[in-house]
Each structure stands twice: as C-alpha cells, then as structure tokens.
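Structure file coords25.pdb (PDB, C-alpha atoms and all ligand atoms) follows.
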MODEL        1
ATOM      1  CA  MET A   1     133.523 106.626  22.025
ATOM      2  CA  LYS A   2     131.288 106.618  25.027
ATOM      3  CA  ARG A   3     132.652 108.420  28.039
ATOM      4  CA  THR A   4     131.336 109.575  31.347
ATOM      5  CA  GLU A   5     130.365 113.225  31.619
ATOM      6  CA  GLU A   6     132.846 114.210  34.336
ATOM      7  CA  ARG A   7     135.840 112.957  32.346
ATOM      8  CA  LEU A   8     135.123 115.096  29.308
ATOM      9  CA  PRO A   9     136.911 118.410  28.790
ATOM     10  CA  LEU A  10     134.558 121.227  29.678
ATOM     11  CA  LYS A  11     133.930 124.720  28.356
ATOM     12  CA  GLU A  12     134.048 127.528  30.887
ATOM     13  CA  ASP A  13     130.294 127.294  31.367
ATOM     14  CA  GLY A  14     130.684 123.570  32.066
ATOM     15  CA  ALA A  15     129.401 122.268  28.718
ATOM     16  CA  VAL A  16     131.319 119.569  26.853
ATOM     17  CA  LEU A  17     133.279 120.835  23.859
ATOM     18  CA  GLU A  18     131.810 119.398  20.683
ATOM     19  CA  GLU A  19     135.166 119.045  18.939
ATOM     20  CA  ASP A  20     136.638 117.094  21.827
ATOM     21  CA  GLN A  21     134.997 113.825  21.036
ATOM     22  CA  ALA A  22     137.537 111.152  20.080
ATOM     23  CA  PRO A  23     139.123 112.401  16.836
ATOM     24  CA  LEU A  24     140.918 109.160  15.891
ATOM     25  CA  LYS A  25     138.811 106.533  14.201
ATOM     26  CA  GLU A  26     140.993 103.963  15.935
ATOM     27  CA  LEU A  27     143.601 104.477  18.650
ATOM     28  CA  ASP A  28     146.052 102.713  16.395
ATOM     29  CA  GLU A  29     145.924 105.573  13.925
ATOM     30  CA  TRP A  30     148.342 107.202  16.358
ATOM     31  CA  ASP A  31     150.602 104.108  16.368
ATOM     32  CA  ASP A  32     150.628 104.174  12.570
ATOM     33  CA  PHE A  33     151.612 107.846  12.597
ATOM     34  CA  VAL A  34     154.531 107.133  14.924
ATOM     35  CA  ALA A  35     155.627 104.161  12.804
ATOM     36  CA  THR A  36     155.633 106.343   9.681
ATOM     37  CA  ARG A  37     157.377 109.185  11.446
ATOM     38  CA  TYR A  38     160.244 106.977  12.582
ATOM     39  CA  ARG A  39     160.447 104.838   9.468
ATOM     40  CA  GLN A  40     164.025 103.829   8.825
ATOM     41  CA  GLY A  41     165.868 105.432   5.942
ATOM     42  CA  LYS A  42     164.139 108.813   6.108
ATOM     43  CA  SER A  43     166.181 111.845   5.144
ATOM     44  CA  GLU A  44     166.707 114.631   7.709
ATOM     45  CA  GLU A  45     164.378 116.862   5.718
ATOM     46  CA  GLU A  46     161.617 114.242   5.521
ATOM     47  CA  PHE A  47     162.058 113.654   9.198
ATOM     48  CA  ARG A  48     161.608 117.311  10.141
ATOM     49  CA  ASN A  49     158.480 117.534   8.023
ATOM     50  CA  TYR A  50     156.404 115.307  10.299
ATOM     51  CA  LYS A  51     153.244 117.222   9.428
ATOM     52  CA  ALA A  52     153.266 115.511   6.051
ATOM     53  CA  ASP A  53     152.721 112.194   7.874
ATOM     54  CA  ALA A  54     149.841 113.464  10.002
ATOM     55  CA  ASN A  55     146.324 113.367   8.646
ATOM     56  CA  PRO A  56     143.738 115.852  10.020
ATOM     57  CA  THR A  57     142.472 113.461  12.698
ATOM     58  CA  VAL A  58     145.984 112.764  14.003
ATOM     59  CA  THR A  59     146.669 116.517  14.018
ATOM     60  CA  GLU A  60     143.443 117.130  15.945
ATOM     61  CA  PHE A  61     144.387 114.355  18.351
ATOM     62  CA  TYR A  62     147.716 116.088  19.133
ATOM     63  CA  ARG A  63     145.952 119.434  19.529
ATOM     64  CA  GLN A  64     143.801 117.933  22.260
ATOM     65  CA  ASN A  65     146.616 115.956  23.878
ATOM     66  CA  HIS A  66     148.885 119.005  24.189
ATOM     67  CA  LYS A  67     146.067 121.255  25.352
ATOM     68  CA  TYR A  68     144.611 119.071  28.092
ATOM     69  CA  GLN A  69     147.615 117.240  29.578
ATOM     70  CA  THR A  70     148.318 119.730  32.367
ATOM     71  CA  LEU A  71     150.308 118.920  35.499
ATOM     72  CA  ASP A  72     147.051 119.016  37.482
ATOM     73  CA  PHE A  73     145.465 116.526  35.108
ATOM     74  CA  VAL A  74     148.461 114.160  35.340
ATOM     75  CA  LEU A  75     148.444 114.268  39.138
ATOM     76  CA  LYS A  76     144.702 113.648  39.214
ATOM     77  CA  LYS A  77     144.970 110.631  36.924
ATOM     78  CA  LYS A  78     147.913 109.192  38.853
ATOM     79  CA  ALA A  79     145.894 109.494  42.065
ATOM     80  CA  GLU A  80     142.946 107.830  40.371
ATOM     81  CA  TYR A  81     144.755 104.907  38.727
ATOM     82  CA  CYS A  82     148.062 104.277  40.439
ATOM     83  CA  GLY A  83     146.441 102.884  43.564
ATOM     84  CA  LEU A  84     145.425  99.953  41.290
ATOM     85  CA  LYS A  85     141.842  99.738  42.446
ATOM     86  CA  ARG A  86     140.376  98.384  39.232
ATOM     87  CA  GLY A  87     140.221  94.763  40.354
ATOM     88  CA  LYS A  88     142.478  91.823  39.473
ATOM     89  CA  LYS A  89     142.982  90.129  36.137
ATOM     90  CA  SER A  90     145.511  87.646  34.797
ATOM     91  CA  ILE A  91     147.582  88.899  31.865
ATOM     92  CA  TRP A  92     145.534  86.842  29.445
ATOM     93  CA  GLU A  93     142.250  88.097  30.942
ATOM     94  CA  MET A  94     143.535  91.644  30.528
ATOM     95  CA  ALA A  95     144.451  90.920  26.905
ATOM     96  CA  GLU A  96     140.993  89.482  26.269
ATOM     97  CA  TYR A  97     139.457  92.526  27.904
ATOM     98  CA  LEU A  98     141.524  94.808  25.656
ATOM     99  CA  ASN A  99     140.389  92.720  22.722
ATOM    100  CA  THR A 100     136.779  93.770  23.374
ATOM    101  CA  LEU A 101     137.728  97.083  21.794
ATOM    102  CA  VAL A 102     136.905  96.209  18.242
ATOM    103  CA  ASP A 103     136.870  98.047  14.987
ATOM    104  CA  ASP A 104     134.973  96.078  12.432
ATOM    105  CA  SER A 105     135.437  98.651   9.684
ATOM    106  CA  ASP A 106     137.834  96.418   7.775
ATOM    107  CA  PRO A 107     137.867  92.928   9.279
ATOM    108  CA  ASP A 108     139.860  91.458   6.378
ATOM    109  CA  THR A 109     143.047  93.429   6.885
ATOM    110  CA  ASP A 110     143.000  94.320  10.573
ATOM    111  CA  VAL A 111     144.524  92.215  13.304
ATOM    112  CA  THR A 112     143.067  92.047  16.787
ATOM    113  CA  GLN A 113     144.808  93.590  19.783
ATOM    114  CA  ILE A 114     145.810  90.107  21.004
ATOM    115  CA  GLU A 115     147.293  89.293  17.597
ATOM    116  CA  HIS A 116     149.273  92.541  17.718
ATOM    117  CA  LEU A 117     150.625  91.694  21.190
ATOM    118  CA  LEU A 118     151.522  88.143  20.137
ATOM    119  CA  GLN A 119     153.209  89.373  16.967
ATOM    120  CA  THR A 120     155.276  91.826  18.998
ATOM    121  CA  ALA A 121     156.291  89.138  21.513
ATOM    122  CA  GLU A 122     157.168  86.757  18.674
ATOM    123  CA  ALA A 123     159.306  89.364  16.890
ATOM    124  CA  ILE A 124     161.255  89.854  20.139
ATOM    125  CA  ARG A 125     161.632  86.084  20.656
ATOM    126  CA  LYS A 126     162.906  85.675  17.105
ATOM    127  CA  ASP A 127     165.443  88.423  17.747
ATOM    128  CA  GLY A 128     166.924  86.268  20.529
ATOM    129  CA  HIS A 129     165.965  88.272  23.628
ATOM    130  CA  PRO A 130     165.367  86.811  27.115
ATOM    131  CA  ARG A 131     161.955  85.735  28.388
ATOM    132  CA  TRP A 132     161.273  88.887  30.458
ATOM    133  CA  PHE A 133     161.924  90.949  27.326
ATOM    134  CA  ILE A 134     159.472  88.843  25.302
ATOM    135  CA  LEU A 135     156.889  89.238  28.067
ATOM    136  CA  SER A 136     157.367  93.018  27.999
ATOM    137  CA  GLY A 137     156.525  92.959  24.306
ATOM    138  CA  PHE A 138     153.277  91.174  25.074
ATOM    139  CA  LEU A 139     152.451  93.643  27.858
ATOM    140  CA  HIS A 140     153.414  96.912  26.190
ATOM    141  CA  ASP A 141     149.966  98.049  25.014
ATOM    142  CA  LEU A 142     147.766  96.479  27.697
ATOM    143  CA  GLY A 143     147.525  99.888  29.361
ATOM    144  CA  LYS A 144     145.216 100.906  26.527
ATOM    145  CA  VAL A 145     142.424  99.418  28.637
ATOM    146  CA  LEU A 146     142.265 102.980  30.001
ATOM    147  CA  CYS A 147     140.062 103.566  27.004
ATOM    148  CA  LEU A 148     137.616 100.999  28.353
ATOM    149  CA  TYR A 149     137.674 102.811  31.682
ATOM    150  CA  GLY A 150     136.286 105.857  29.892
ATOM    151  CA  GLU A 151     139.442 107.899  29.291
ATOM    152  CA  PRO A 152     139.573 110.101  26.183
ATOM    153  CA  GLN A 153     142.101 109.166  23.485
ATOM    154  CA  TRP A 154     144.400 112.052  24.440
ATOM    155  CA  ALA A 155     144.806 110.508  27.933
ATOM    156  CA  VAL A 156     145.600 107.008  26.627
ATOM    157  CA  VAL A 157     148.021 107.364  23.699
ATOM    158  CA  GLY A 158     150.319 110.037  22.249
ATOM    159  CA  ASP A 159     153.985 110.876  22.737
ATOM    160  CA  THR A 160     154.576 111.504  26.413
ATOM    161  CA  PHE A 161     156.307 114.641  27.733
ATOM    162  CA  PRO A 162     157.096 116.104  31.175
ATOM    163  CA  ALA A 163     154.417 118.344  32.685
ATOM    164  CA  GLY A 164     155.449 121.186  35.015
ATOM    165  CA  CYS A 165     158.459 122.386  33.030
ATOM    166  CA  ALA A 166     159.173 123.994  29.645
ATOM    167  CA  TYR A 167     158.032 121.993  26.629
ATOM    168  CA  SER A 168     160.788 120.800  24.310
ATOM    169  CA  ASP A 169     160.376 121.588  20.622
ATOM    170  CA  GLN A 170     161.450 117.974  20.058
ATOM    171  CA  VAL A 171     157.919 116.959  21.037
ATOM    172  CA  VAL A 172     155.834 116.653  17.887
ATOM    173  CA  PHE A 173     153.450 119.620  17.194
ATOM    174  CA  PRO A 174     155.048 121.841  19.891
ATOM    175  CA  GLU A 175     152.913 124.794  18.761
ATOM    176  CA  PHE A 176     149.830 123.164  20.294
ATOM    177  CA  PHE A 177     151.265 123.619  23.793
ATOM    178  CA  ALA A 178     150.327 127.312  23.598
ATOM    179  CA  ALA A 179     146.742 126.284  24.430
ATOM    180  CA  ASN A 180     147.812 124.349  27.533
ATOM    181  CA  PRO A 181     146.996 126.419  30.663
ATOM    182  CA  ASP A 182     150.417 125.455  32.100
ATOM    183  CA  SER A 183     152.016 127.559  29.334
ATOM    184  CA  GLY A 184     150.763 130.643  31.170
ATOM    185  CA  LYS A 185     152.307 129.630  34.500
ATOM    186  CA  PRO A 186     155.795 131.175  34.646
ATOM    187  CA  GLY A 187     156.993 128.704  37.305
ATOM    188  CA  TYR A 188     156.286 125.846  34.911
ATOM    189  CA  GLN A 189     157.985 127.350  31.896
ATOM    190  CA  THR A 190     161.642 127.391  32.861
ATOM    191  CA  PRO A 191     163.723 124.437  31.624
ATOM    192  CA  TYR A 192     163.574 122.739  35.048
ATOM    193  CA  GLY A 193     160.160 124.102  36.068
ATOM    194  CA  ILE A 194     159.105 122.409  39.306
ATOM    195  CA  TYR A 195     162.006 119.918  39.111
ATOM    196  CA  GLU A 196     165.679 119.908  40.109
ATOM    197  CA  PRO A 197     168.524 119.425  37.622
ATOM    198  CA  HIS A 198     169.101 115.700  36.976
ATOM    199  CA  CYS A 199     166.468 114.794  39.568
ATOM    200  CA  GLY A 200     165.754 111.499  37.793
ATOM    201  CA  LEU A 201     162.713 110.610  35.695
ATOM    202  CA  ASP A 202     161.070 108.794  38.578
ATOM    203  CA  ASN A 203     160.546 112.257  40.099
ATOM    204  CA  VAL A 204     159.166 113.728  36.881
ATOM    205  CA  HIS A 205     155.465 113.641  35.978
ATOM    206  CA  LEU A 206     155.093 112.659  32.343
ATOM    207  CA  SER A 207     151.818 113.224  30.537
ATOM    208  CA  PHE A 208     149.425 110.443  31.526
ATOM    209  CA  GLY A 209     148.716 107.459  29.310
ATOM    210  CA  HIS A 210     148.967 103.723  28.701
ATOM    211  CA  ASP A 211     152.740 103.621  29.403
ATOM    212  CA  GLU A 212     152.463 104.820  33.000
ATOM    213  CA  TYR A 213     149.466 102.630  33.696
ATOM    214  CA  ILE A 214     150.966  99.328  32.493
ATOM    215  CA  PHE A 215     154.218 100.187  34.287
ATOM    216  CA  ARG A 216     152.334 100.606  37.568
ATOM    217  CA  VAL A 217     150.283  97.456  37.094
ATOM    218  CA  THR A 218     153.283  95.210  36.345
ATOM    219  CA  GLN A 219     156.070  96.948  38.287
ATOM    220  CA  LYS A 220     156.285  94.381  41.094
ATOM    221  CA  TYR A 221     156.766  91.495  38.705
ATOM    222  CA  LEU A 222     159.340  92.732  36.188
ATOM    223  CA  PRO A 223     163.061  93.537  36.220
ATOM    224  CA  GLU A 224     163.911  97.224  36.185
ATOM    225  CA  GLU A 225     164.984  97.181  32.542
ATOM    226  CA  ALA A 226     161.487  96.057  31.593
ATOM    227  CA  GLN A 227     159.917  98.683  33.831
ATOM    228  CA  TYR A 228     161.798 101.394  31.936
ATOM    229  CA  MET A 229     160.868  99.865  28.584
ATOM    230  CA  LEU A 230     157.168  99.900  29.408
ATOM    231  CA  ARG A 231     157.086 103.234  31.207
ATOM    232  CA  TYR A 232     158.958 105.258  28.586
ATOM    233  CA  HIS A 233     158.180 103.559  25.283
ATOM    234  CA  SER A 234     156.155 106.612  24.088
ATOM    235  CA  PHE A 235     158.662 109.188  25.380
ATOM    236  CA  TYR A 236     160.004 109.762  21.864
ATOM    237  CA  ALA A 237     161.403 113.234  22.578
ATOM    238  CA  ALA A 238     163.835 111.599  25.027
ATOM    239  CA  HIS A 239     164.634 108.187  23.556
ATOM    240  CA  ARG A 240     164.732 109.261  19.888
ATOM    241  CA  HIS A 241     165.794 112.894  20.139
ATOM    242  CA  GLY A 242     167.784 113.110  23.370
ATOM    243  CA  ALA A 243     165.539 115.849  24.843
ATOM    244  CA  TYR A 244     165.124 116.430  28.591
ATOM    245  CA  ARG A 245     168.504 114.935  29.479
ATOM    246  CA  TYR A 246     168.864 117.700  32.068
ATOM    247  CA  LEU A 247     166.109 115.984  34.072
ATOM    248  CA  MET A 248     167.601 112.497  33.734
ATOM    249  CA  ASN A 249     170.164 111.065  36.142
ATOM    250  CA  GLU A 250     172.960 108.634  35.312
ATOM    251  CA  HIS A 251     170.796 105.659  36.105
ATOM    252  CA  ASP A 252     168.117 106.836  33.646
ATOM    253  CA  GLU A 253     170.797 107.274  30.984
ATOM    254  CA  ALA A 254     171.973 103.696  31.482
ATOM    255  CA  MET A 255     168.437 102.276  31.507
ATOM    256  CA  PHE A 256     167.429 104.166  28.360
ATOM    257  CA  GLU A 257     169.685 101.825  26.413
ATOM    258  CA  TRP A 258     166.949  99.261  27.008
ATOM    259  CA  VAL A 259     164.183 101.614  25.946
ATOM    260  CA  ARG A 260     166.081 102.208  22.700
ATOM    261  CA  LYS A 261     166.541  98.474  22.199
ATOM    262  CA  PHE A 262     162.846  97.811  22.831
ATOM    263  CA  ASN A 263     161.192 100.442  20.662
ATOM    264  CA  PRO A 264     162.145  99.321  17.156
ATOM    265  CA  LEU A 265     160.744  95.894  18.027
ATOM    266  CA  LEU A 266     157.315  97.352  18.761
ATOM    267  CA  GLU A 267     156.621  98.305  15.178
ATOM    268  CA  ARG A 268     154.083  96.127  13.559
ATOM    269  CA  PRO A 269     155.512  93.550  11.162
ATOM    270  CA  ARG A 270     154.700  94.475   7.591
ATOM    271  CA  ALA A 271     154.696  92.650   4.330
ATOM    272  CA  PRO A 272     157.246  94.031   1.801
ATOM    273  CA  GLU A 273     154.481  95.611  -0.284
ATOM    274  CA  HIS A 274     153.346  97.541   2.789
ATOM    275  CA  GLN A 275     156.743  99.079   3.538
ATOM    276  CA  GLY A 276     156.483 102.821   3.704
ATOM    277  CA  ASN A 277     152.774 102.892   3.014
ATOM    278  CA  PRO A 278     150.955 103.187   6.313
ATOM    279  CA  ALA A 279     147.584 103.047   4.600
ATOM    280  CA  LEU A 280     148.297  99.413   3.789
ATOM    281  CA  LEU A 281     149.529  98.360   7.205
ATOM    282  CA  PRO A 282     147.473  95.772   9.038
ATOM    283  CA  ARG A 283     145.981  97.736  11.875
ATOM    284  CA  ALA A 284     144.936  96.432  15.248
ATOM    285  CA  ARG A 285     141.189  96.688  15.689
ATOM    286  CA  PHE A 286     140.202  99.289  18.195
ATOM    287  CA  ARG A 287     136.899 100.873  18.960
ATOM    288  CA  VAL A 288     134.908 101.230  22.152
ATOM    289  CA  LEU A 289     131.633  99.380  21.912
ATOM    290  CA  PRO A 290     128.557 101.186  23.220
ATOM    291  CA  GLY A 291     127.865 100.566  26.891
ATOM    292  CA  GLN A 292     131.365  99.377  27.850
ATOM    293  CA  ASN A 293     132.168 102.144  30.298
TER     294      ASN A 293
HETATM  295 FE    FE A 301     151.885  98.542  20.026
HETATM  296 FE    FE A 302     152.256 101.697  23.213
ENDMDL
END
In structure tokens, what does this structure look like?
Ligand SMILES: [Fe+2]
Ligand SMILES: [Fe+2]
Amino acid sequence: MKRTEERLPLKEDGAVLEEDQAPLKELDEWDDFVATRYRQGKSEEEFRNYKADANPTVTEFYRQNHKYQTLDFVLKKKAEYCGLKRGKKSIWEMAEYLNTLVDDSDPDTDVTQIEHLLQTAEAIRKDGHPRWFILSGFLHDLGKVLCLYGEPQWAVVGDTFPAGCAYSDQVVFPEFFAANPDSGKPGYQTPYGIYEPHCGLDNVHLSFGHDEYIFRVTQKYLPEEAQYMLRYHSFYAAHRHGAYRYLMNEHDEAMFEWVRKFNPLLERPRAPEHQGNPALLPRARFRVLPGQN
C-alpha cells in the first residue's frame, strides 16, 4: 500500500518501521476474521479462543492497531477528517471511488466493494427493514475510502475502543495494548480515564477508523438510529460483550438496540458450503493501486 511519509509510524530516529507496512493482504481479511469470530453456534470455549481464528497477518494487524491508536492520534485524525474537507461526492460516486481499491488476486471468487454494499443492502431489504435502514447497509463501509486517502490499515479497520481510559479485556488481543504509549499514562488508565461516569459515547473518543468517518460524512442526512449503527458497528467490545457501559448513558443504551439489530445483517452472505469456512468466503476486492494517494 502506498502511503505518504508523514502518515507512517516512525522510529525514534524518525525512520519508518519496516514491519509497519500494511500487514493484511486485503482490508477484508479483517472483516473475515470478525465474521468467523462471531459465527453463530460457537461454544463458549471456541469463542474465548479467538486466537485460533486469527492468522499471522491479522494478529500483526491488531498489534499495530492497538499500539498506534493513542488518544493523541485519534484527536489528530478527527481534526484532519471531521471538518469534511475532502470535496463532495454523491453516494454512488463514493462507492465507485471505493471500488477503485481492487485486489485481482482471485477475480473468480471475489466480489467488488460495490457488490458487497449492494448485497448488504439487499439482505436488509429482504429482512423487511425501512428504507433508511437499507441505505445504512449500503453506506456502512464507504468510510474505507480512508485507505485511498493514504491511511494505514490500522487507522481504517479493526474493532474500535475508547482511547484515554483503561482498555477492556473484552477488546480482542488486549495484551497488545501494553505497547500503546497511553498505557504508561496513569491518568488514562483508570476505568473512566479522562471521562466522567456515564458521560455518553458522544463525549468519548473511540479509536479512529471507517465507522467514525462515514458517520461524520452522512450525519446530517440520516435518522439518529442510523447514525449509531454506522458509528458503532465495529465497537464489538460494547455491542457484543457489554463492555464500557459505565461510559454510556441511557440514550446510548436505548440506541444500541439498533446497533445490535444492524450488525448481524452486515455479514457477507455465504453459500451453504462456505458456512464456517472463512477461506471459502467470497471476499470483497481490496487493494490500493500504485499512485492513488
Ligand atoms: Fe462490510
Ligand atoms: Fe465496517
């Protein structure tokens, strides 16, 4: 993946770390990992053993994500992107732009990003949900254009988590947080950290990624339920495991019903022979072409 020099993680002497090039062959390797991890019908024991589902590249991806997503980084990225200064596009133009990320490694089995978005929207329509809900399905991954803006994989995808307070062990690979500089800041490592009890998630800075970006881009045009669905769809520790409830207020609790309704519908449809075997899942094509930054 081609990225600009100033966005790359740096060694102390300012040189780019070799191992911090994009570890995932495709961004959707992460989506596949999540789909496997939350596959229905898993036993408690299988569920706890998430490492069995993670291949070395996914593990390396989480190592980077947990190490580099500091509160400072999140605030910097919010300042950079949330002013929405990247120009205007229609939804379809944005989808076509996202589609320029292509992985041609296996063109027979992969689906394009647009196909993935349409399949998601169609699954929601078939399930009988209202039009704004269907639209949210189409929008949910458009924030991955961050990759085309030169962001490293660990700043685009991955389970999101609050920065500036203690890390929950319900976040996958919690041991990797030890390398995050915020771990050494005592003020950040109490349960509430820089936040107040039940201050509401709108006041909490989650690790930066495609959820926050698409939420910001579409916020003015969607009902609040949809805003929550888009903004928190990768906040698995909260919507699947009930972590961080001490930061949520009553309104968040009520709105998370929608996040929980939305998430199972985001899994890619699979043929019966693919059930439970992520290696056989059709995967959305995803690779940054040279010169696209
Ligand atoms: Fe998706
Ligand atoms: Fe997503």
Write out as number ranges by chain each polymer residue whose atoms come within 12 Å of A:Ser207, counting only C-alpha atoms; drop sequence neighbours fewer than 3 positions from it.
-> A: 65-78, 154-165, 167, 171, 204, 210-213, 231-232, 234-235
May I have the protein, DNA and RNA residues with any atom at most 9 Å from the point (142.6, 101.4, 24.0), counting all atoms listed in the file, written as a list in words?
-> Glu26, Leu27, Asp28, Leu98, Leu101, Asp141, Leu142, Gly143, Lys144, Val145, Leu146, Cys147, Leu148, Glu151, Gln153, Val156, Val157, His210, Phe286, Arg287 and Val288 of chain A
Hey, what comes out of the PyMOL selection byres (((not hetatm)) within 9 of (chain A and resi 301)) on this file? Could you write it as number ranges by chain?
-> A: 28, 31, 113, 116-117, 120, 137, 140-142, 266-268, 284
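Between atom CA of A:Tyr149 and atom CA of A:Glu80 there is a distance of 11.3 Å.
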From atom CA of A:Tyr38 to atom CA of A:Gly200 the spacing works out at 26.2 Å
Please, what distance in Å, to one decimal, runs between atom CA of A:Ala121 and atom CA of A:Ser136?
->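 A separation of 7.6 Å between them.
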For A:Arg260, which of A:Asp202, A:Phe33, A:Leu247, A:His239 is the closest residue, counting all atoms listed in the file?
->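 Using all atoms listed in the file, A:Arg260 sits closest to A:His239.
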Using only C-alpha atoms, find the one residue out of A:Gln170, A:Tyr188, A:Pro223, A:Tyr236 that sits nearest to A:Arg131.
->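 That would be A:Pro223, the residue with the smallest distance to A:Arg131.
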Select, from A:Ala123, A:Ala166, A:Ala22, A:Ala35, the residue with the minimum atom-to-atom distance to ligand FE 302 (chain A), counting only C-alpha atoms and all ligand atoms.
->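 Nearest candidate to ligand FE 302 (chain A) out of A:Ala123, A:Ala166, A:Ala22, A:Ala35: A:Ala35.
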Residue with the minimum atom-to-atom distance to A:Lys51, picked from A:Tyr192, A:Phe173, A:Trp132, A:Tyr244 with all atoms listed in the file counted, is A:Phe173
